[in-house]
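Below is one structure, written out as C-alpha coordinates, with a few remarks after it.
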Amino acid sequence: MIFIKKIKTNKDLNNNIFGSFMIEPLEIGQGITLATSLRRTIYSLFSEFFISSLQIPKFYNEINYIFGLRENLIDLNLNLKQVIFKVLPKNENYKNLIKFQGIISIQGPVIITASHINLPKEIIKIINPFQYICTLVEKIFLTLYLNIKKTKYSLLINKKQKSIQEHNLNNYNLPIKKLNYKIKLIHDYLGNIKECLIIEIITDGSISPQRCLLEGIKSIYDLFLNIFYNLQNFLFI
(Lines give C-alpha, C1' and ligand atoms only; values in the text may rest on other atoms or scores of the structure.)
Protein backbone atom coordinates (compact mmCIF):
# COMPACT_ATOMS: atom_id res chain seq x y z
CA MET A 1 0.00 0.00 0.00
CA ILE A 2 1.25 3.48 -0.89
CA PHE A 3 1.08 6.19 1.79
CA ILE A 4 1.04 9.99 1.46
CA LYS A 5 2.41 11.85 4.48
CA LYS A 6 2.77 15.57 5.17
CA ILE A 7 6.29 16.23 6.45
CA LYS A 8 5.99 19.91 7.32
CA THR A 9 4.29 23.20 6.42
CA ASN A 10 5.14 26.76 7.34
CA LYS A 11 4.35 30.33 6.32
CA ASP A 12 6.88 33.15 5.86
CA LEU A 13 6.47 36.87 6.48
CA ASN A 14 5.13 37.40 2.93
CA ASN A 15 2.34 34.83 3.53
CA ASN A 16 3.98 32.32 1.18
CA ILE A 17 3.19 28.78 2.31
CA PHE A 18 5.74 25.96 2.09
CA GLY A 19 4.60 22.35 2.17
CA SER A 20 6.62 19.15 2.00
CA PHE A 21 5.01 15.75 1.34
CA MET A 22 6.27 12.17 1.12
CA ILE A 23 4.82 9.40 -1.05
CA GLU A 24 6.10 5.86 -0.40
CA PRO A 25 6.81 3.04 -1.06
CA LEU A 26 7.06 3.17 -4.85
CA GLU A 27 8.60 0.71 -7.25
CA ILE A 28 11.89 1.65 -8.87
CA GLY A 29 11.17 4.13 -11.69
CA GLN A 30 7.71 5.07 -10.45
CA GLY A 31 9.01 8.08 -8.49
CA ILE A 32 10.14 10.10 -11.50
CA THR A 33 7.03 9.11 -13.48
CA LEU A 34 4.67 10.25 -10.73
CA ALA A 35 6.69 13.39 -9.94
CA THR A 36 6.79 14.73 -13.50
CA SER A 37 3.09 13.93 -14.02
CA LEU A 38 2.08 15.72 -10.82
CA ARG A 39 4.30 18.71 -11.54
CA ARG A 40 2.86 19.32 -15.01
CA THR A 41 -0.69 18.62 -13.87
CA ILE A 42 -0.56 20.99 -10.89
CA TYR A 43 0.96 23.82 -12.92
CA SER A 44 -1.65 23.41 -15.66
CA LEU A 45 -4.51 23.30 -13.14
CA PHE A 46 -3.66 26.47 -11.24
CA SER A 47 -1.52 28.59 -13.55
CA GLU A 48 -3.27 28.47 -16.91
CA PHE A 49 -5.88 31.25 -16.56
CA PHE A 50 -5.76 34.60 -14.78
CA ILE A 51 -7.69 37.88 -14.69
CA SER A 52 -5.86 40.03 -17.22
CA SER A 53 -7.98 43.18 -16.98
CA LEU A 54 -11.27 44.54 -15.71
CA GLN A 55 -13.78 46.90 -17.27
CA ILE A 56 -15.37 49.26 -14.77
CA PRO A 57 -17.64 52.29 -14.82
CA LYS A 58 -15.85 55.60 -15.31
CA PHE A 59 -13.93 56.56 -12.18
CA TYR A 60 -11.94 59.56 -11.01
CA ASN A 61 -8.41 59.01 -12.34
CA GLU A 62 -6.85 61.49 -9.94
CA ILE A 63 -7.48 59.33 -6.87
CA ASN A 64 -8.33 55.97 -8.47
CA TYR A 65 -11.69 56.05 -6.75
CA ILE A 66 -14.78 54.07 -7.80
CA PHE A 67 -18.01 55.50 -6.44
CA GLY A 68 -19.63 53.25 -3.86
CA LEU A 69 -16.58 51.04 -3.21
CA ARG A 70 -14.61 51.06 0.02
CA GLU A 71 -11.43 50.06 -1.85
CA ASN A 72 -9.61 52.12 -4.42
CA LEU A 73 -8.58 50.73 -7.79
CA ILE A 74 -5.15 49.56 -6.59
CA ASP A 75 -6.60 47.52 -3.71
CA LEU A 76 -9.26 46.08 -6.02
CA ASN A 77 -6.61 44.91 -8.47
CA LEU A 78 -4.52 43.30 -5.73
CA ASN A 79 -7.52 41.34 -4.48
CA LEU A 80 -8.48 40.19 -7.98
CA LYS A 81 -4.97 38.83 -8.54
CA GLN A 82 -5.55 36.36 -5.71
CA VAL A 83 -8.48 34.64 -7.46
CA ILE A 84 -7.42 31.16 -8.61
CA PHE A 85 -9.07 29.37 -11.50
CA LYS A 86 -9.08 25.67 -12.29
CA VAL A 87 -9.91 24.39 -15.75
CA LEU A 88 -12.17 21.38 -16.09
CA PRO A 89 -10.32 19.00 -18.44
CA LYS A 90 -13.37 16.76 -18.82
CA ASN A 91 -14.80 19.39 -21.14
CA GLU A 92 -13.10 19.38 -24.55
CA ASN A 93 -14.10 23.00 -25.28
CA TYR A 94 -11.54 24.50 -22.91
CA LYS A 95 -8.57 23.31 -25.00
CA ASN A 96 -9.32 25.84 -27.73
CA LEU A 97 -10.32 28.53 -25.26
CA ILE A 98 -7.92 31.48 -25.10
CA LYS A 99 -9.98 34.04 -23.22
CA PHE A 100 -13.45 34.62 -21.86
CA GLN A 101 -15.25 37.06 -19.57
CA GLY A 102 -16.48 36.82 -16.00
CA ILE A 103 -19.07 39.25 -14.62
CA ILE A 104 -19.80 40.62 -11.17
CA SER A 105 -23.25 42.21 -11.16
CA ILE A 106 -24.60 42.96 -7.69
CA GLN A 107 -26.68 45.36 -5.60
CA GLY A 108 -25.10 47.04 -2.57
CA PRO A 109 -24.42 47.31 0.22
CA VAL A 110 -22.62 43.96 0.18
CA ILE A 111 -19.26 42.29 0.72
CA ILE A 112 -18.09 40.97 -2.66
CA THR A 113 -16.02 37.77 -2.84
CA ALA A 114 -14.81 35.56 -5.68
CA SER A 115 -18.00 33.50 -5.37
CA HIS A 116 -19.92 36.44 -6.90
CA ILE A 117 -18.06 36.08 -10.22
CA ASN A 118 -20.32 34.55 -12.84
CA LEU A 119 -18.36 32.11 -15.04
CA PRO A 120 -19.07 29.43 -17.64
CA LYS A 121 -19.17 26.68 -14.99
CA GLU A 122 -18.84 23.84 -17.48
CA ILE A 123 -15.38 25.10 -18.46
CA ILE A 124 -13.75 26.61 -15.38
CA LYS A 125 -14.29 27.07 -11.66
CA ILE A 126 -12.86 29.13 -8.82
CA ILE A 127 -10.70 27.31 -6.26
CA ASN A 128 -10.90 30.00 -3.55
CA PRO A 129 -14.51 31.32 -3.71
CA PHE A 130 -14.17 33.08 -0.33
CA GLN A 131 -11.34 35.31 -1.57
CA TYR A 132 -12.23 38.89 -0.62
CA ILE A 133 -12.51 41.33 -3.54
CA CYS A 134 -14.17 44.52 -2.28
CA THR A 135 -17.05 46.02 -0.29
CA LEU A 136 -19.88 47.97 -1.90
CA VAL A 137 -20.96 50.42 0.79
CA GLU A 138 -23.64 52.34 -1.11
CA LYS A 139 -27.11 51.16 -2.11
CA ILE A 140 -26.24 51.13 -5.79
CA PHE A 141 -25.94 48.54 -8.57
CA LEU A 142 -22.37 47.69 -9.61
CA THR A 143 -21.20 45.73 -12.64
CA LEU A 144 -17.58 44.68 -13.20
CA TYR A 145 -16.44 42.85 -16.33
CA LEU A 146 -13.39 40.63 -15.73
CA ASN A 147 -11.37 39.62 -18.78
CA ILE A 148 -9.83 36.20 -18.14
CA LYS A 149 -7.22 34.73 -20.45
CA LYS A 150 -4.52 32.12 -20.66
CA THR A 151 -1.16 32.94 -19.13
CA LYS A 152 1.16 34.75 -21.51
CA TYR A 153 4.28 36.68 -20.56
CA SER A 154 3.49 39.78 -22.59
CA LEU A 155 2.20 43.28 -22.01
CA LEU A 156 -1.53 43.74 -22.27
CA ILE A 157 -3.01 46.41 -24.51
CA ASN A 158 -4.98 49.12 -22.74
CA LYS A 159 -8.33 49.88 -24.40
CA LYS A 160 -10.70 52.73 -23.51
CA GLN A 161 -14.34 53.29 -24.36
CA LYS A 162 -16.70 56.19 -23.71
CA SER A 163 -18.42 54.95 -20.56
CA ILE A 164 -16.18 52.00 -19.69
CA GLN A 165 -12.51 51.99 -18.78
CA GLU A 166 -10.44 48.84 -19.04
CA HIS A 167 -7.68 48.56 -16.47
CA ASN A 168 -4.92 46.01 -17.07
CA LEU A 169 -3.46 43.79 -14.38
CA ASN A 170 -0.08 43.26 -16.03
CA ASN A 171 1.78 42.02 -12.96
CA TYR A 172 -0.40 39.02 -12.28
CA ASN A 173 0.52 36.45 -9.63
CA LEU A 174 0.74 32.74 -10.20
CA PRO A 175 -0.41 30.83 -7.09
CA ILE A 176 2.26 28.14 -7.50
CA LYS A 177 5.60 29.84 -6.88
CA LYS A 178 7.74 26.72 -6.88
CA LEU A 179 7.31 22.94 -7.12
CA ASN A 180 10.34 20.71 -6.57
CA TYR A 181 10.76 17.00 -6.00
CA LYS A 182 13.46 14.55 -5.02
CA ILE A 183 13.63 10.77 -4.94
CA LYS A 184 15.52 8.62 -2.48
CA LEU A 185 15.94 4.88 -2.11
CA ILE A 186 14.41 3.15 0.91
CA HIS A 187 13.72 -0.41 2.12
CA ASP A 188 10.25 -1.76 2.80
CA TYR A 189 9.42 -4.01 5.76
CA LEU A 190 10.56 -7.05 3.74
CA GLY A 191 13.92 -5.48 2.95
CA ASN A 192 13.15 -4.83 -0.71
CA ILE A 193 14.56 -1.67 -2.33
CA LYS A 194 11.84 0.90 -3.04
CA GLU A 195 11.61 4.61 -3.83
CA CYS A 196 10.37 7.49 -1.71
CA LEU A 197 9.09 10.59 -3.53
CA ILE A 198 9.35 13.91 -1.67
CA ILE A 199 7.39 16.82 -3.17
CA GLU A 200 7.94 20.43 -2.05
CA ILE A 201 5.38 23.07 -3.01
CA ILE A 202 5.49 26.81 -2.34
CA THR A 203 2.34 28.88 -2.93
CA ASP A 204 1.52 32.56 -2.56
CA GLY A 205 -0.86 31.83 0.34
CA SER A 206 -4.08 31.99 -1.65
CA ILE A 207 -4.17 28.18 -1.76
CA SER A 208 -2.50 25.58 0.44
CA PRO A 209 0.22 23.24 -0.90
CA GLN A 210 -1.83 20.30 0.36
CA ARG A 211 -4.82 21.40 -1.72
CA CYS A 212 -2.57 21.70 -4.79
CA LEU A 213 -1.24 18.18 -4.33
CA LEU A 214 -4.69 16.67 -3.75
CA GLU A 215 -6.15 18.42 -6.81
CA GLY A 216 -3.23 17.19 -8.92
CA ILE A 217 -3.66 13.58 -7.77
CA LYS A 218 -7.43 13.76 -8.36
CA SER A 219 -6.92 15.12 -11.87
CA ILE A 220 -4.52 12.28 -12.79
CA TYR A 221 -6.91 9.74 -11.25
CA ASP A 222 -9.84 11.08 -13.29
CA LEU A 223 -7.73 10.96 -16.45
CA PHE A 224 -6.75 7.30 -16.04
CA LEU A 225 -10.27 6.38 -14.95
CA ASN A 226 -11.58 7.88 -18.18
CA ILE A 227 -8.94 6.03 -20.23
CA PHE A 228 -9.79 2.74 -18.50
CA TYR A 229 -13.49 3.24 -19.22
CA ASN A 230 -12.82 3.88 -22.90
CA LEU A 231 -10.45 0.90 -23.00
CA GLN A 232 -13.22 -1.40 -21.79
CA ASN A 233 -15.49 -0.16 -24.57
CA PHE A 234 -12.65 -0.59 -27.08
CA LEU A 235 -12.04 -4.22 -26.08
CA PHE A 236 -15.66 -5.15 -26.71
CA ILE A 237 -15.87 -3.58 -30.17
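Every chain in the C-alpha coordinates takes a letter, A first, then B, and so on in the order presented; its residues are numbered from 1, and the ligands are numbered from 1 following the presented order.
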
DSSP on the backbone, then: every residue of segment 1-224 of chain A marked strand (DSSP E or B), written as JSON, numbers by chain. {"A": [3, 4, 5, 6, 7, 8, 9, 10, 11, 17, 18, 19, 20, 21, 22, 23, 24, 25, 26, 49, 50, 51, 52, 53, 54, 55, 56, 57, 60, 65, 69, 85, 86, 87, 99, 100, 101, 102, 103, 104, 105, 106, 107, 110, 111, 112, 113, 118, 124, 125, 126, 132, 133, 134, 135, 136, 141, 142, 143, 144, 145, 146, 147, 148, 149, 150, 160, 164, 165, 166, 167, 168, 176, 177, 178, 179, 180, 181, 182, 183, 184, 185, 186, 187, 193, 194, 195, 196, 197, 198, 199, 200, 201, 202, 203]}

From the DSSP assignment of the backbone, select every residue of segment 5-161 of chain A that is alpha helix (DSSP H), and format the answer as a ChimeraX atom specification. /A:30-46,73-80

All residues 10 Å or closer to Pro25 of chain A, only C-alpha atoms, same chain fewer than 3 positions away omitted, as JSON, numbers by chain: {"A": [1, 2, 3, 4, 22, 28, 30, 31, 185, 186, 187, 188, 193, 194, 195, 196, 197]}

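Near segment 206-213 of chain A, within a cut-off of 7 Å and counting only C-alpha atoms, sit the residues Ile17, Phe18, Gly19, Ile42, Gln82, Pro175, Ile201, Ile202, Thr203, Asp204, Glu215, Gly216 and Ile217 of chain A, with same-chain residues fewer than 2 positions away left out.
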
Write a file of the selected residues as a CSV table (one decimal), in the first residue's frame, keeping N, CA and C atoms.
```
chain,number,residue,atom,x,y,z
A,17,ILE,N,3.3,30.0,1.6
A,17,ILE,CA,3.2,28.8,2.3
A,17,ILE,C,4.1,27.7,1.7
A,18,PHE,N,4.9,27.1,2.5
A,18,PHE,CA,5.7,26.0,2.1
A,18,PHE,C,5.2,24.7,2.6
A,19,GLY,N,5.1,23.7,1.8
A,19,GLY,CA,4.6,22.3,2.2
A,19,GLY,C,5.5,21.3,1.6
A,42,ILE,N,-0.3,19.9,-11.9
A,42,ILE,CA,-0.6,21.0,-10.9
A,42,ILE,C,-0.4,22.4,-11.5
A,82,GLN,N,-5.6,37.5,-6.6
A,82,GLN,CA,-5.6,36.4,-5.7
A,82,GLN,C,-6.6,35.3,-6.1
A,175,PRO,N,-0.3,31.4,-8.5
A,175,PRO,CA,-0.4,30.8,-7.1
A,175,PRO,C,0.7,29.8,-6.7
A,201,ILE,N,6.2,22.1,-2.3
A,201,ILE,CA,5.4,23.1,-3.0
A,201,ILE,C,5.4,24.4,-2.2
A,202,ILE,N,5.6,25.5,-2.9
A,202,ILE,CA,5.5,26.8,-2.3
A,202,ILE,C,4.4,27.6,-3.1
A,203,THR,N,3.4,28.1,-2.3
A,203,THR,CA,2.3,28.9,-2.9
A,203,THR,C,2.4,30.3,-2.4
A,204,ASP,N,1.6,31.2,-3.0
A,204,ASP,CA,1.5,32.6,-2.6
A,204,ASP,C,0.6,32.8,-1.4
A,215,GLU,N,-5.5,18.1,-5.5
A,215,GLU,CA,-6.1,18.4,-6.8
A,215,GLU,C,-5.4,17.8,-8.0
A,216,GLY,N,-4.0,17.8,-7.9
A,216,GLY,CA,-3.2,17.2,-8.9
A,216,GLY,C,-3.4,15.7,-9.0
A,217,ILE,N,-3.4,15.0,-7.8
A,217,ILE,CA,-3.7,13.6,-7.8
A,217,ILE,C,-5.1,13.2,-8.3
```

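Closest approach to Ser53 of chain A among A:Phe85, A:Phe100, A:Phe21, A:Tyr65: A:Phe100, based on only C-alpha atoms.
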
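Between atom CA of Ile220 of chain A and atom CA of Asn16 of chain A the interatomic distance comes to 25.9 Å.
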
Near-Phe49 of chain A list (9 Å; only C-alpha atoms; drop same-chain fewer than 6 positions) as a short mmCIF file (atom, residue, chain, number, x, y, z; two decimals) with N, CA and C atoms, in the first residue's frame:
```
data_model
loop_
_atom_site.label_atom_id
_atom_site.label_comp_id
_atom_site.auth_asym_id
_atom_site.auth_seq_id
_atom_site.Cartn_x
_atom_site.Cartn_y
_atom_site.Cartn_z
N ILE A 84 -8.06 32.29 -7.94
CA ILE A 84 -7.42 31.16 -8.61
C ILE A 84 -8.47 30.37 -9.38
N PHE A 85 -8.17 30.11 -10.64
CA PHE A 85 -9.07 29.37 -11.50
C PHE A 85 -8.53 27.96 -11.76
N LYS A 86 -9.45 27.04 -11.93
CA LYS A 86 -9.08 25.67 -12.29
C LYS A 86 -9.91 25.26 -13.50
N VAL A 87 -9.20 24.84 -14.55
CA VAL A 87 -9.91 24.39 -15.75
C VAL A 87 -10.48 23.01 -15.49
N ILE A 98 -9.03 30.58 -25.39
CA ILE A 98 -7.92 31.48 -25.10
C ILE A 98 -8.32 32.52 -24.07
N LYS A 99 -9.52 33.04 -24.17
CA LYS A 99 -9.98 34.04 -23.22
C LYS A 99 -11.50 34.01 -23.14
N ILE A 148 -10.65 37.32 -18.60
CA ILE A 148 -9.83 36.20 -18.14
C ILE A 148 -9.20 35.54 -19.36
N LYS A 149 -7.89 35.30 -19.29
CA LYS A 149 -7.22 34.73 -20.45
C LYS A 149 -6.13 33.78 -20.00
N LYS A 150 -5.60 33.04 -20.95
CA LYS A 150 -4.52 32.12 -20.66
C LYS A 150 -3.24 32.89 -20.37
N THR A 151 -2.40 32.29 -19.54
CA THR A 151 -1.16 32.94 -19.13
C THR A 151 -0.24 33.16 -20.33
#
```

Could you give me, as an MDAnalysis selection string, the residues within 9 Å of segment 129-145 of chain A, counting only C-alpha atoms and dropping anything in the same chain fewer than 2 positions from it? chainID A and resid 53:57 67:71 75:80 82:84 101:117 126:127 147 166 206

Grab the residues selected above and save them as a short mmCIF file (atom, residue, chain, number, x, y, z; two decimals), in the first residue's frame with N, CA and C atoms.
```cif
data_model
loop_
_atom_site.label_atom_id
_atom_site.label_comp_id
_atom_site.auth_asym_id
_atom_site.auth_seq_id
_atom_site.Cartn_x
_atom_site.Cartn_y
_atom_site.Cartn_z
N SER A 53 -7.54 41.79 -17.08
CA SER A 53 -7.98 43.18 -16.98
C SER A 53 -9.43 43.21 -16.53
N LEU A 54 -9.88 44.37 -16.08
CA LEU A 54 -11.27 44.54 -15.71
C LEU A 54 -11.82 45.80 -16.33
N GLN A 55 -13.07 45.75 -16.72
CA GLN A 55 -13.78 46.90 -17.27
C GLN A 55 -14.73 47.40 -16.20
N ILE A 56 -14.61 48.67 -15.88
CA ILE A 56 -15.37 49.26 -14.77
C ILE A 56 -16.03 50.56 -15.23
N PRO A 57 -17.06 50.98 -14.51
CA PRO A 57 -17.64 52.29 -14.82
C PRO A 57 -16.60 53.39 -14.67
N PHE A 67 -16.90 55.10 -7.31
CA PHE A 67 -18.01 55.50 -6.44
C PHE A 67 -18.72 54.28 -5.86
N GLY A 68 -18.91 54.31 -4.55
CA GLY A 68 -19.63 53.25 -3.86
C GLY A 68 -18.77 52.16 -3.29
N LEU A 69 -17.48 52.09 -3.71
CA LEU A 69 -16.58 51.04 -3.21
C LEU A 69 -15.73 51.56 -2.07
N ARG A 70 -15.51 50.71 -1.07
CA ARG A 70 -14.61 51.06 0.02
C ARG A 70 -13.16 51.08 -0.44
N GLU A 71 -12.80 50.16 -1.36
CA GLU A 71 -11.43 50.06 -1.85
C GLU A 71 -11.19 50.98 -3.04
N ASP A 75 -6.23 48.61 -4.62
CA ASP A 75 -6.60 47.52 -3.71
C ASP A 75 -7.49 46.49 -4.42
N LEU A 76 -8.39 46.97 -5.27
CA LEU A 76 -9.26 46.08 -6.02
C LEU A 76 -8.45 45.15 -6.92
N ASN A 77 -7.47 45.72 -7.60
CA ASN A 77 -6.61 44.91 -8.47
C ASN A 77 -5.83 43.86 -7.70
N LEU A 78 -5.29 44.24 -6.55
CA LEU A 78 -4.52 43.30 -5.73
C LEU A 78 -5.38 42.14 -5.27
N ASN A 79 -6.62 42.41 -4.92
CA ASN A 79 -7.52 41.34 -4.48
C ASN A 79 -7.91 40.43 -5.64
N LEU A 80 -8.11 41.00 -6.81
CA LEU A 80 -8.48 40.19 -7.98
C LEU A 80 -7.35 39.26 -8.40
N GLN A 82 -5.59 37.53 -6.58
CA GLN A 82 -5.55 36.36 -5.71
C GLN A 82 -6.59 35.30 -6.09
N VAL A 83 -7.46 35.61 -7.05
CA VAL A 83 -8.48 34.64 -7.46
C VAL A 83 -7.81 33.56 -8.31
N ILE A 84 -8.06 32.29 -7.94
CA ILE A 84 -7.42 31.16 -8.61
C ILE A 84 -8.47 30.37 -9.38
N GLN A 101 -14.93 35.96 -20.47
CA GLN A 101 -15.25 37.06 -19.57
C GLN A 101 -16.08 36.57 -18.39
N GLY A 102 -15.69 37.04 -17.20
CA GLY A 102 -16.48 36.82 -16.00
C GLY A 102 -17.16 38.12 -15.61
N ILE A 103 -18.29 38.05 -14.95
CA ILE A 103 -19.07 39.25 -14.62
C ILE A 103 -19.45 39.23 -13.14
N ILE A 104 -19.26 40.38 -12.51
CA ILE A 104 -19.80 40.62 -11.17
C ILE A 104 -20.89 41.66 -11.32
N SER A 105 -22.11 41.30 -11.05
CA SER A 105 -23.25 42.21 -11.16
C SER A 105 -24.07 42.07 -9.88
N ILE A 106 -24.05 43.12 -9.03
CA ILE A 106 -24.60 42.96 -7.69
C ILE A 106 -25.12 44.29 -7.15
N GLN A 107 -26.08 44.19 -6.26
CA GLN A 107 -26.68 45.36 -5.60
C GLN A 107 -26.07 45.53 -4.21
N GLY A 108 -25.66 46.75 -3.89
CA GLY A 108 -25.10 47.04 -2.57
C GLY A 108 -26.16 47.43 -1.56
N PRO A 109 -25.75 47.58 -0.31
CA PRO A 109 -24.42 47.31 0.22
C PRO A 109 -24.17 45.82 0.42
N VAL A 110 -22.93 45.39 0.12
CA VAL A 110 -22.62 43.96 0.18
C VAL A 110 -21.10 43.77 0.17
N ILE A 111 -20.67 42.69 0.80
CA ILE A 111 -19.26 42.29 0.72
C ILE A 111 -19.11 41.36 -0.48
N ILE A 112 -18.25 41.72 -1.41
CA ILE A 112 -18.09 40.97 -2.66
C ILE A 112 -16.89 40.04 -2.55
N THR A 113 -17.09 38.76 -2.82
CA THR A 113 -16.02 37.77 -2.84
C THR A 113 -15.94 37.12 -4.22
N ALA A 114 -14.99 36.23 -4.39
CA ALA A 114 -14.81 35.56 -5.68
C ALA A 114 -16.02 34.72 -6.06
N SER A 115 -16.81 34.32 -5.08
CA SER A 115 -18.00 33.50 -5.37
C SER A 115 -19.05 34.29 -6.15
N HIS A 116 -18.96 35.62 -6.17
CA HIS A 116 -19.92 36.44 -6.90
C HIS A 116 -19.56 36.59 -8.38
N ILE A 117 -18.45 36.00 -8.81
CA ILE A 117 -18.06 36.08 -10.22
C ILE A 117 -18.83 35.03 -11.00
N ILE A 126 -13.73 28.37 -9.72
CA ILE A 126 -12.86 29.13 -8.82
C ILE A 126 -12.49 28.24 -7.63
N ILE A 127 -11.19 28.15 -7.36
CA ILE A 127 -10.70 27.31 -6.26
C ILE A 127 -10.93 27.97 -4.91
N ASN A 147 -11.91 40.31 -17.61
CA ASN A 147 -11.37 39.62 -18.78
C ASN A 147 -10.36 38.57 -18.31
N GLU A 166 -11.04 50.15 -19.26
CA GLU A 166 -10.44 48.84 -19.04
C GLU A 166 -9.08 49.04 -18.38
N SER A 206 -2.68 31.99 -1.26
CA SER A 206 -4.08 31.99 -1.65
C SER A 206 -4.64 30.57 -1.74
#
```

Rounded to one decimal, what separation in Å do you get between atom CA of Leu174 of chain A and atom CA of Ser52 of chain A? 12.1 Å

Could you tell me how far atom CA of Leu231 of chain A sits from atom CA of Leu26 of chain A, in Å to one decimal place? 25.3 Å

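Nearest to Leu38 of chain A of all the residues A:Asn118, A:Ile23, A:Thr9, A:Leu73 is A:Ile23, counting only C-alpha atoms.
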